[in-house]
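Colleague: My file is final.txt. It has compact mmCIF, C-alpha atoms:
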```
# COMPACT_ATOMS: atom_id res chain seq x y z
CA MET A 1 -0.08 -27.12 -1.67
CA HIS A 2 0.23 -25.07 1.53
CA HIS A 3 -2.22 -25.71 4.32
CA SER A 4 -1.81 -22.36 6.03
CA TRP A 5 -2.85 -18.81 5.24
CA PRO A 6 -0.55 -16.99 2.79
CA ILE A 7 -0.07 -14.38 5.55
CA ALA A 8 -1.19 -14.60 9.17
CA TYR A 9 -0.49 -11.82 11.67
CA GLN A 10 -1.05 -12.92 15.27
CA ASN A 11 -1.16 -9.85 17.47
CA ALA A 12 1.98 -8.62 15.71
CA ALA A 13 3.44 -5.40 17.07
CA LYS A 14 6.44 -3.30 16.17
CA THR A 15 7.85 -0.49 18.27
CA TYR A 16 10.66 1.67 16.92
CA VAL A 17 13.12 2.98 19.47
CA SER A 18 15.33 5.92 18.56
CA ARG A 19 18.04 6.76 21.06
CA HIS A 20 19.45 10.23 21.44
CA LEU A 21 22.15 10.71 24.07
CA TRP A 22 20.44 9.46 27.25
CA THR A 23 16.82 9.53 26.11
CA ALA A 24 15.02 6.83 24.18
CA ARG A 25 11.98 7.69 22.11
CA ARG A 26 9.42 5.00 21.34
CA LYS A 27 7.22 5.13 18.30
CA THR A 28 4.53 2.60 17.48
CA GLY A 29 4.91 1.23 13.97
CA LEU A 30 2.28 -1.44 14.44
CA ALA A 31 0.05 -2.10 17.45
CA GLY A 32 -1.14 -5.68 17.79
CA LEU A 33 -2.19 -6.57 14.25
CA THR A 34 -4.27 -9.74 13.86
CA LEU A 35 -5.19 -10.50 10.26
CA GLU A 36 -5.26 -13.40 7.81
CA ILE A 37 -4.79 -12.96 4.07
CA GLN A 38 -6.75 -15.70 2.29
CA GLN A 39 -5.48 -17.92 -0.50
CA GLY A 40 -6.18 -16.44 -3.95
CA GLU A 41 -7.46 -13.03 -2.87
CA ILE A 42 -6.26 -9.51 -3.64
CA PHE A 43 -6.12 -7.79 -0.27
CA GLY A 44 -5.41 -4.07 0.13
CA LEU A 45 -4.12 -2.12 3.12
CA LEU A 46 -5.26 1.49 3.04
CA GLY A 47 -4.00 4.25 5.28
CA LEU A 48 -2.44 7.68 5.38
CA ASN A 49 1.36 7.96 5.41
CA GLY A 50 2.75 6.55 8.66
CA ALA A 51 -0.35 4.45 9.37
CA GLY A 52 1.72 1.23 9.56
CA LYS A 53 1.22 -0.20 6.06
CA THR A 54 4.90 -0.53 5.16
CA THR A 55 5.75 -1.84 8.64
CA ALA A 56 3.13 -4.59 8.21
CA MET A 57 4.62 -5.48 4.85
CA LYS A 58 8.22 -5.52 6.09
CA LEU A 59 7.24 -7.84 8.96
CA ALA A 60 5.70 -10.25 6.44
CA LEU A 61 8.92 -10.18 4.41
CA GLY A 62 11.18 -10.74 7.40
CA LEU A 63 12.88 -7.37 6.77
CA LEU A 64 11.79 -6.36 10.28
CA ALA A 65 11.23 -8.57 13.31
CA PRO A 66 8.09 -8.05 15.41
CA THR A 67 8.55 -6.61 18.91
CA ALA A 68 5.68 -8.85 20.04
CA GLY A 69 3.31 -11.37 18.50
CA ALA A 70 4.03 -13.40 15.37
CA VAL A 71 3.78 -13.39 11.60
CA ARG A 72 3.61 -16.53 9.46
CA ILE A 73 3.89 -16.94 5.69
CA PHE A 74 2.19 -20.20 4.61
CA GLY A 75 2.94 -21.38 8.15
CA TYR A 76 6.66 -20.51 8.02
CA GLU A 77 8.64 -17.82 9.83
CA PRO A 78 9.06 -14.84 7.46
CA GLY A 79 12.86 -15.19 7.40
CA ASP A 80 12.70 -18.90 6.51
CA PRO A 81 14.09 -19.62 3.02
CA LYS A 82 10.89 -21.61 2.31
CA ALA A 83 8.80 -18.50 3.02
CA LYS A 84 11.09 -16.31 0.92
CA ALA A 85 10.85 -18.72 -2.03
CA LEU A 86 7.05 -18.36 -1.96
CA CYS A 87 7.05 -14.53 -1.92
CA GLY A 88 7.63 -11.88 -4.53
CA TYR A 89 8.12 -8.28 -3.37
CA MET A 90 7.90 -4.98 -5.14
CA PRO A 91 9.05 -2.06 -2.96
CA GLU A 92 7.62 1.43 -3.29
CA LEU A 93 10.94 2.77 -4.59
CA PRO A 94 12.56 -0.08 -6.49
CA TYR A 95 16.28 0.31 -7.02
CA ILE A 96 17.55 -1.53 -10.07
CA TYR A 97 20.94 -0.79 -11.65
CA SER A 98 20.19 1.76 -14.36
CA TYR A 99 22.97 0.62 -16.72
CA LEU A 100 21.14 -2.72 -17.22
CA THR A 101 18.45 -3.54 -19.76
CA PRO A 102 15.18 -5.19 -18.61
CA GLU A 103 16.46 -8.45 -20.08
CA GLN A 104 19.71 -8.27 -18.08
CA ALA A 105 17.96 -7.12 -14.90
CA LEU A 106 15.44 -9.98 -14.98
CA ALA A 107 18.16 -12.53 -15.75
CA PHE A 108 20.12 -11.21 -12.75
CA TYR A 109 17.12 -11.50 -10.40
CA GLY A 110 16.24 -14.88 -11.89
CA ARG A 111 19.71 -16.19 -11.03
CA LEU A 112 19.39 -14.76 -7.51
CA SER A 113 16.07 -16.61 -7.15
CA GLY A 114 17.74 -19.87 -8.10
CA ILE A 115 16.16 -20.41 -11.51
CA PRO A 116 18.17 -23.13 -13.29
CA PRO A 117 20.44 -21.66 -16.04
CA GLU A 118 18.85 -23.73 -18.79
CA GLN A 119 15.38 -22.29 -17.97
CA LEU A 120 16.48 -18.71 -17.46
CA SER A 121 16.22 -17.15 -20.92
CA ALA A 122 12.79 -18.70 -21.60
CA ARG A 123 11.52 -17.42 -18.24
CA VAL A 124 12.95 -13.93 -18.86
CA ALA A 125 11.16 -13.79 -22.24
CA GLU A 126 7.91 -14.95 -20.63
CA VAL A 127 8.07 -12.32 -17.87
CA LEU A 128 9.01 -9.52 -20.30
CA ARG A 129 5.83 -10.41 -22.17
CA GLN A 130 3.73 -10.56 -18.99
CA VAL A 131 4.77 -7.08 -17.85
CA GLY A 132 4.68 -5.56 -21.35
CA LEU A 133 8.39 -4.91 -21.81
CA GLU A 134 9.11 -6.98 -24.91
CA ALA A 135 9.64 -3.94 -27.14
CA ALA A 136 12.04 -2.34 -24.64
CA ALA A 137 13.87 -5.53 -23.62
CA GLY A 138 17.25 -4.32 -24.91
CA GLU A 139 17.10 -0.66 -23.82
CA ARG A 140 18.94 0.71 -20.82
CA LEU A 141 16.84 1.46 -17.74
CA SER A 142 18.50 4.87 -17.38
CA GLY A 143 16.12 6.20 -20.06
CA PHE A 144 12.96 4.67 -18.58
CA SER A 145 9.89 6.47 -17.22
CA LYS A 146 8.60 5.62 -13.74
CA GLY A 147 5.89 3.43 -15.27
CA MET A 148 8.46 1.45 -17.24
CA LEU A 149 10.65 1.00 -14.15
CA GLN A 150 7.63 -0.25 -12.20
CA ARG A 151 7.15 -2.91 -14.89
CA VAL A 152 10.74 -4.07 -14.41
CA ALA A 153 10.21 -4.09 -10.63
CA LEU A 154 7.07 -6.18 -11.02
CA GLY A 155 8.97 -8.46 -13.40
CA GLN A 156 11.68 -9.16 -10.82
CA ALA A 157 9.00 -9.88 -8.20
CA ILE A 158 7.35 -12.59 -10.32
CA MET A 159 10.46 -14.19 -11.93
CA HIS A 160 10.38 -17.22 -9.60
CA ARG A 161 6.57 -17.69 -9.90
CA PRO A 162 5.78 -16.81 -6.28
CA SER A 163 2.50 -17.94 -4.68
CA LEU A 164 2.26 -14.60 -2.86
CA LEU A 165 2.97 -11.14 -4.22
CA LEU A 166 3.56 -8.17 -1.90
CA LEU A 167 3.29 -4.73 -3.50
CA ASP A 168 4.09 -1.54 -1.58
CA GLU A 169 2.39 1.53 -3.13
CA PRO A 170 2.57 -0.06 -6.59
CA VAL A 171 0.90 2.71 -8.58
CA SER A 172 2.20 5.84 -6.87
CA GLY A 173 3.37 8.39 -9.43
CA LEU A 174 2.18 6.47 -12.48
CA ASP A 175 0.17 8.03 -15.31
CA PRO A 176 -3.40 6.74 -15.93
CA LEU A 177 -2.42 4.41 -18.79
CA ALA A 178 0.42 2.87 -16.81
CA VAL A 179 -1.96 2.39 -13.87
CA LYS A 180 -4.48 0.59 -16.08
CA ASP A 181 -1.77 -1.69 -17.54
CA PHE A 182 -0.50 -2.43 -14.08
CA ARG A 183 -3.98 -3.30 -12.83
CA ASP A 184 -4.58 -5.62 -15.77
CA THR A 185 -1.29 -7.44 -15.14
CA ILE A 186 -2.06 -7.91 -11.42
CA THR A 187 -5.58 -9.13 -12.21
CA ALA A 188 -4.17 -11.67 -14.69
CA LEU A 189 -1.57 -12.92 -12.17
CA ASN A 190 -4.31 -13.25 -9.55
CA ALA A 191 -6.59 -15.10 -11.98
CA ALA A 192 -3.73 -17.58 -12.50
CA GLY A 193 -3.68 -18.27 -8.73
CA THR A 194 -1.30 -15.73 -7.17
CA THR A 195 -2.40 -14.22 -3.86
CA VAL A 196 -1.78 -10.46 -3.81
CA PHE A 197 -1.23 -8.23 -0.77
CA LEU A 198 -0.84 -4.55 -1.58
CA SER A 199 -0.62 -1.32 0.34
CA SER A 200 -1.69 1.99 -1.07
CA HIS A 201 -3.18 5.36 -0.36
CA SER A 202 -4.95 5.39 -3.72
CA ILE A 203 -8.52 4.53 -2.75
CA SER A 204 -9.77 4.25 -6.33
CA GLN A 205 -7.08 1.71 -7.29
CA VAL A 206 -7.70 -0.41 -4.22
CA GLU A 207 -11.43 -0.23 -4.88
CA LYS A 208 -10.95 -1.54 -8.43
CA LEU A 209 -8.52 -4.34 -7.55
CA CYS A 210 -9.26 -5.71 -4.11
CA ARG A 211 -11.79 -8.09 -2.66
CA ARG A 212 -11.14 -7.02 0.93
CA VAL A 213 -9.52 -3.93 2.38
CA GLY A 214 -8.02 -3.20 5.78
CA ILE A 215 -8.03 0.44 6.89
CA MET A 216 -5.09 1.41 9.10
CA LYS A 217 -4.61 4.38 11.37
CA GLY A 218 -1.80 5.05 13.85
CA GLY A 219 -0.42 1.52 13.57
CA ARG A 220 -3.80 -0.11 14.18
CA LEU A 221 -6.16 -1.98 11.89
CA GLN A 222 -9.33 0.07 12.38
CA LYS A 223 -11.64 -1.66 9.97
CA LEU A 224 -11.91 -4.63 7.59
CA VAL A 225 -14.20 -3.95 4.63
CA SER A 226 -15.38 -6.34 1.92
CA ARG A 227 -16.19 -5.36 -1.65
CA GLU A 228 -19.91 -6.10 -1.05
CA THR A 229 -19.90 -3.58 1.80
CA TRP A 230 -18.33 -0.68 -0.06
CA GLU A 231 -20.26 -1.34 -3.27
CA SER A 232 -23.53 -1.04 -1.39
CA ALA A 233 -22.46 1.95 0.73
CA ASP A 234 -23.28 5.56 -0.16
CA GLY A 235 -20.02 7.23 -1.15
CA GLY A 236 -18.28 3.87 -1.58
CA LEU A 237 -14.91 3.02 -0.12
CA GLU A 238 -13.78 6.65 -0.02
CA LYS A 239 -16.49 7.64 2.44
CA ILE A 240 -15.84 4.57 4.63
CA PHE A 241 -12.11 5.40 4.59
CA VAL A 242 -12.56 9.10 5.43
CA ASP A 243 -15.03 8.32 8.22
CA THR A 244 -12.68 5.70 9.67
CA VAL A 245 -9.46 7.75 9.69
CA SER A 246 -11.02 10.99 10.85
CA GLN A 247 -12.58 9.49 14.00
```
Could you take the file, read its structure, and then write that structure out as C-alpha cells?
Modeller:
Amino acid sequence: MHHSWPIAYQNAAKTYVSRHLWTARRKTGLAGLTLEIQQGEIFGLLGLNGAGKTTAMKLALGLLAPTAGAVRIFGYEPGDPKAKALCGYMPELPYIYSYLTPEQALAFYGRLSGIPPEQLSARVAEVLRQVGLEAAAGERLSGFSKGMLQRVALGQAIMHRPSLLLLDEPVSGLDPLAVKDFRDTITALNAAGTTVFLSSHSISQVEKLCRRVGIMKGGRLQKLVSRETWESADGGLEKIFVDTVSQ
C-alpha cells in the first residue's frame, strides 16, 4: 500500500528556545535523530524523563516542527492530511470530556476522523469490543478508573483503522491486570497489520511487547537494540538500558 517507512527520521532535531526579557535559553529536545520504523513492527523508545521521547513522537505527529532535518510518515510530511489519516495517537494524558460515555466519545472521534455516518455505529461497537469496553459502553467517563480511560483513549486512536499507532507512555499508572489487557490488545492490533511506535520508561513492558528498542538520553538515540540481543544478554534489556544511560 505505502512504499515508504511508516516513520523515517532524517537527522531530525528540535531545539526549544525560551525567552526571558533579553536572554534566550536554548534547550535540546532532540539532537539529530536518524531512525526508520519498519512496517508491521512494534518499536519502543526507552529513556528517562526528558530524554526526548515525547519530542520524537510530537515531530512524527506534526504537533511540533523540526528545527533541522526531516520526518516522514509513509513518505508524507507529518502535517499532511494523508499522513494524519494513516496515524492513530494516544497521548500520555488523554483528555476526553468526562460527561460522555465511551459510546458517545468514540462516535464523536469517529465523526472527526471522517467515518461515514452509516458506518459509525457498527464501527463504535467493534472498537468497544476490541478495547474491552462493551459492558461499560453506556456509563459516564467521570466514574472511570485510569485503566478504563486508557481503553477509551486507545479506542479513539484506532477508530479510523490507522496503519500506524503512536502511543506515549501507554501503561503509566495502570494496575497489573489493566497492563496485561492493554498489552494483549496492542499485540492483537499488531498481528492484524498495524505498525506500533510507543514510548515508555517501563522496561519490562517494552521488553514484552517490542521487537526493537531505541534507548534515548539527552535528546540523542544512544543505542538500537533488537529482541535477540536483549534475550541473549545477561540481565536482559534492563542491564543494557542502565549501562547505556549511566555512561
Colleague: Using only C-alpha atoms, pick whichever of A:Tyr109, A:Thr67, A:Tyr16, A:Gly193 has the shortest atom-to-atom distance to A:Leu164.
Modeller: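 Counting only C-alpha atoms, the residue closest to A:Leu164 is A:Gly193.
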Colleague: Nearest to A:Arg140 among A:Leu100, A:Leu167, A:Ala105, A:Val242, with distances taken over only C-alpha atoms: which residue is it?
Modeller: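 Closest to A:Arg140 of all the choices is A:Leu100.
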Colleague: Atom CA of A:Val71 and atom CA of A:Leu33 are how many Å apart?
Modeller: 9.4 Å
Colleague: Quick one: which stretch 142-172 of chain A residues come within 12 Å of stretch 36-50 of chain A, and what is the nearest atom pair for each with the distance in Å to one decimal, counting only C-alpha atoms, rows ordered by chain and ascending number, as CSV?
Modeller:
```
residue,atom,partner,partner_atom,distance
A:Ser163,CA,A:Gly40,CA,8.8
A:Leu164,CA,A:Gly40,CA,8.7
A:Leu165,CA,A:Ile42,CA,9.4
A:Leu166,CA,A:Phe43,CA,9.8
A:Leu167,CA,A:Gly44,CA,9.4
A:Asp168,CA,A:Leu45,CA,9.5
A:Glu169,CA,A:Leu45,CA,9.7
A:Pro170,CA,A:Gly44,CA,11.2
```
Colleague: Can you write just those residues out, C-alpha atoms, as a PDB file, in the coordinates of the input?
Modeller:
```
ATOM      1  CA  SER A 163       2.500 -17.940  -4.680  1.00  0.00           C
ATOM      2  CA  LEU A 164       2.260 -14.600  -2.860  1.00  0.00           C
ATOM      3  CA  LEU A 165       2.970 -11.140  -4.220  1.00  0.00           C
ATOM      4  CA  LEU A 166       3.560  -8.170  -1.900  1.00  0.00           C
ATOM      5  CA  LEU A 167       3.290  -4.730  -3.500  1.00  0.00           C
ATOM      6  CA  ASP A 168       4.090  -1.540  -1.580  1.00  0.00           C
ATOM      7  CA  GLU A 169       2.390   1.530  -3.130  1.00  0.00           C
ATOM      8  CA  PRO A 170       2.570  -0.060  -6.590  1.00  0.00           C
TER       9      PRO A 170
END
```
Colleague: Report the distance between atom CA of A:Arg72 and atom CA of A:Val206 in Å, rounded to one decimal place.
Modeller: 24.0 Å
Colleague: Which residues are near A:Leu149? Cut-off 10 Å, all atoms listed in the file, ignore same chain within fewer than 6 positions. Put them as number ranges by chain.
Modeller: A: 93-96, 98, 102, 133, 141-143, 155
Colleague: Can you tell me, as a ChimeraX atom specification, which residues sit within 10 Å of (10.5, -19.3, -9.7) in the file's frame, using only C-alpha atoms?
Modeller: /A:85-88,110-111,113-116,120,123,157-163
Colleague: For the residues selected in the previous step, produce a file with C-alpha atoms as a tab-separated table (two decimals), in the frame of the given file.
Modeller:
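Once everything was written out, this is result_31.tsv:
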```
chain	number	residue	atom	x	y	z
A	85	ALA	CA	10.85	-18.72	-2.03
A	86	LEU	CA	7.05	-18.36	-1.96
A	87	CYS	CA	7.05	-14.53	-1.92
A	88	GLY	CA	7.63	-11.88	-4.53
A	110	GLY	CA	16.24	-14.88	-11.89
A	111	ARG	CA	19.71	-16.19	-11.03
A	113	SER	CA	16.07	-16.61	-7.15
A	114	GLY	CA	17.74	-19.87	-8.10
A	115	ILE	CA	16.16	-20.41	-11.51
A	116	PRO	CA	18.17	-23.13	-13.29
A	120	LEU	CA	16.48	-18.71	-17.46
A	123	ARG	CA	11.52	-17.42	-18.24
A	157	ALA	CA	9.00	-9.88	-8.20
A	158	ILE	CA	7.35	-12.59	-10.32
A	159	MET	CA	10.46	-14.19	-11.93
A	160	HIS	CA	10.38	-17.22	-9.60
A	161	ARG	CA	6.57	-17.69	-9.90
A	162	PRO	CA	5.78	-16.81	-6.28
A	163	SER	CA	2.50	-17.94	-4.68
```
Colleague: What is the distance, in Å and to one decimal place, between atom CA of A:Thr15 and atom CA of A:Lys27?
Modeller: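 Atom CA of A:Lys27 lies 5.7 Å from atom CA of A:Thr15.
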Colleague: Leaving out A:Asp175 and any residue of its chain fewer than 5 positions from it, which residues lie within 9 Å of it when counting all atoms listed in the file, given as JSON, numbers by chain?
Modeller: {"A": [146, 147, 180]}
Colleague: What lies within 10 Å of stretch 228-230 of chain A using only C-alpha atoms, ignoring chain neighbours under 2 positions off, as a PyMOL selection string?
Modeller: chain A and resi 207+211-213+224-226+232-241
Colleague: Nearest to A:Gly52 among A:Gly75, A:Ala24, A:Ala13, A:Asp184, with distances taken over all atoms listed in the file: which residue is it?
Modeller: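 So, comparing all the options, the nearest one is A:Ala13.
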Colleague: With all atoms listed in the file as the basis for distance, which of A:Ser121, A:Thr34, A:Asn11, A:Gln247 is at the shortest distance from A:Gly69?
Modeller: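 The shortest atom-to-atom distance to A:Gly69 comes from A:Asn11.
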Colleague: May I ask which of the residues A:Ala12, A:Gln150, A:Leu106, A:Glu231 is the closest one to A:Val179, counting all atoms listed in the file?
Modeller: A:Gln150
Colleague: Would you kindly place all heavy atoms on stretch 120-131 of chain A and return the model as an mmCIF file, in the coordinates of the input?
Modeller:
```cif
data_model
loop_
_atom_site.group_PDB
_atom_site.id
_atom_site.type_symbol
_atom_site.label_atom_id
_atom_site.label_comp_id
_atom_site.auth_asym_id
_atom_site.auth_seq_id
_atom_site.Cartn_x
_atom_site.Cartn_y
_atom_site.Cartn_z
ATOM 1 N N LEU A 120 16.473 -20.141 -17.728
ATOM 2 C CA LEU A 120 16.480 -18.710 -17.460
ATOM 3 C C LEU A 120 16.000 -17.850 -18.637
ATOM 4 O O LEU A 120 15.115 -17.011 -18.479
ATOM 5 C CB LEU A 120 17.867 -18.276 -16.993
ATOM 6 C CG LEU A 120 17.975 -16.876 -16.386
ATOM 7 C CD1 LEU A 120 17.076 -16.738 -15.163
ATOM 8 C CD2 LEU A 120 19.412 -16.568 -15.985
ATOM 9 N N SER A 121 16.557 -18.069 -19.832
ATOM 10 C CA SER A 121 16.220 -17.150 -20.920
ATOM 11 C C SER A 121 14.756 -17.286 -21.342
ATOM 12 O O SER A 121 14.098 -16.296 -21.670
ATOM 13 C CB SER A 121 17.162 -17.325 -22.113
ATOM 14 O OG SER A 121 17.040 -18.631 -22.617
ATOM 15 N N ALA A 122 14.209 -18.507 -21.267
ATOM 16 C CA ALA A 122 12.790 -18.700 -21.600
ATOM 17 C C ALA A 122 11.909 -17.983 -20.570
ATOM 18 O O ALA A 122 10.898 -17.353 -20.921
ATOM 19 C CB ALA A 122 12.448 -20.181 -21.635
ATOM 20 N N ARG A 123 12.308 -18.065 -19.297
ATOM 21 C CA ARG A 123 11.520 -17.420 -18.240
ATOM 22 C C ARG A 123 11.601 -15.894 -18.358
ATOM 23 O O ARG A 123 10.605 -15.197 -18.182
ATOM 24 C CB ARG A 123 12.008 -17.897 -16.861
ATOM 25 C CG ARG A 123 11.248 -17.319 -15.674
ATOM 26 C CD ARG A 123 9.783 -17.672 -15.696
ATOM 27 N NE ARG A 123 9.040 -17.010 -14.611
ATOM 28 C CZ ARG A 123 7.753 -16.696 -14.685
ATOM 29 N NH1 ARG A 123 7.043 -16.980 -15.757
ATOM 30 N NH2 ARG A 123 7.156 -16.104 -13.680
ATOM 31 N N VAL A 124 12.787 -15.376 -18.676
ATOM 32 C CA VAL A 124 12.950 -13.930 -18.860
ATOM 33 C C VAL A 124 12.026 -13.449 -19.986
ATOM 34 O O VAL A 124 11.290 -12.466 -19.837
ATOM 35 C CB VAL A 124 14.423 -13.545 -19.171
ATOM 36 C CG1 VAL A 124 14.518 -12.093 -19.651
ATOM 37 C CG2 VAL A 124 15.297 -13.730 -17.923
ATOM 38 N N ALA A 125 12.010 -14.173 -21.104
ATOM 39 C CA ALA A 125 11.160 -13.790 -22.240
ATOM 40 C C ALA A 125 9.679 -13.805 -21.846
ATOM 41 O O ALA A 125 8.910 -12.907 -22.208
ATOM 42 C CB ALA A 125 11.403 -14.747 -23.406
ATOM 43 N N GLU A 126 9.300 -14.819 -21.066
ATOM 44 C CA GLU A 126 7.910 -14.950 -20.630
ATOM 45 C C GLU A 126 7.497 -13.776 -19.734
ATOM 46 O O GLU A 126 6.423 -13.192 -19.891
ATOM 47 C CB GLU A 126 7.783 -16.278 -19.857
ATOM 48 C CG GLU A 126 6.372 -16.679 -19.537
ATOM 49 C CD GLU A 126 6.307 -18.010 -18.765
ATOM 50 O OE1 GLU A 126 7.364 -18.624 -18.499
ATOM 51 O OE2 GLU A 126 5.191 -18.405 -18.421
ATOM 52 N N VAL A 127 8.385 -13.412 -18.799
ATOM 53 C CA VAL A 127 8.070 -12.320 -17.870
ATOM 54 C C VAL A 127 8.058 -10.967 -18.590
ATOM 55 O O VAL A 127 7.203 -10.124 -18.330
ATOM 56 C CB VAL A 127 9.045 -12.319 -16.665
ATOM 57 C CG1 VAL A 127 8.882 -11.066 -15.815
ATOM 58 C CG2 VAL A 127 8.801 -13.563 -15.805
ATOM 59 N N LEU A 128 9.006 -10.772 -19.517
ATOM 60 C CA LEU A 128 9.010 -9.520 -20.300
ATOM 61 C C LEU A 128 7.660 -9.344 -21.003
ATOM 62 O O LEU A 128 7.116 -8.247 -21.073
ATOM 63 C CB LEU A 128 10.137 -9.528 -21.335
ATOM 64 C CG LEU A 128 11.554 -9.336 -20.790
ATOM 65 C CD1 LEU A 128 12.586 -9.636 -21.872
ATOM 66 C CD2 LEU A 128 11.760 -7.916 -20.249
ATOM 67 N N ARG A 129 7.123 -10.446 -21.497
ATOM 68 C CA ARG A 129 5.830 -10.410 -22.170
ATOM 69 C C ARG A 129 4.709 -10.102 -21.171
ATOM 70 O O ARG A 129 3.850 -9.268 -21.419
ATOM 71 C CB ARG A 129 5.579 -11.759 -22.860
ATOM 72 C CG ARG A 129 4.503 -11.751 -23.927
ATOM 73 C CD ARG A 129 4.546 -12.999 -24.799
ATOM 74 N NE ARG A 129 4.469 -14.235 -24.016
ATOM 75 C CZ ARG A 129 5.472 -15.130 -23.908
ATOM 76 N NH1 ARG A 129 6.623 -14.933 -24.520
ATOM 77 N NH2 ARG A 129 5.323 -16.222 -23.191
ATOM 78 N N GLN A 130 4.765 -10.750 -20.011
ATOM 79 C CA GLN A 130 3.730 -10.560 -18.990
ATOM 80 C C GLN A 130 3.636 -9.113 -18.510
ATOM 81 O O GLN A 130 2.554 -8.611 -18.239
ATOM 82 C CB GLN A 130 4.009 -11.452 -17.771
ATOM 83 C CG GLN A 130 3.313 -12.788 -17.818
ATOM 84 C CD GLN A 130 3.656 -13.606 -16.577
ATOM 85 O OE1 GLN A 130 4.815 -13.944 -16.327
ATOM 86 N NE2 GLN A 130 2.657 -13.920 -15.785
ATOM 87 N N VAL A 131 4.789 -8.455 -18.373
ATOM 88 C CA VAL A 131 4.770 -7.080 -17.850
ATOM 89 C C VAL A 131 4.856 -6.035 -18.970
ATOM 90 O O VAL A 131 5.012 -4.844 -18.712
ATOM 91 C CB VAL A 131 5.880 -6.841 -16.785
ATOM 92 C CG1 VAL A 131 5.656 -7.727 -15.573
ATOM 93 C CG2 VAL A 131 7.271 -7.056 -17.358
#
```
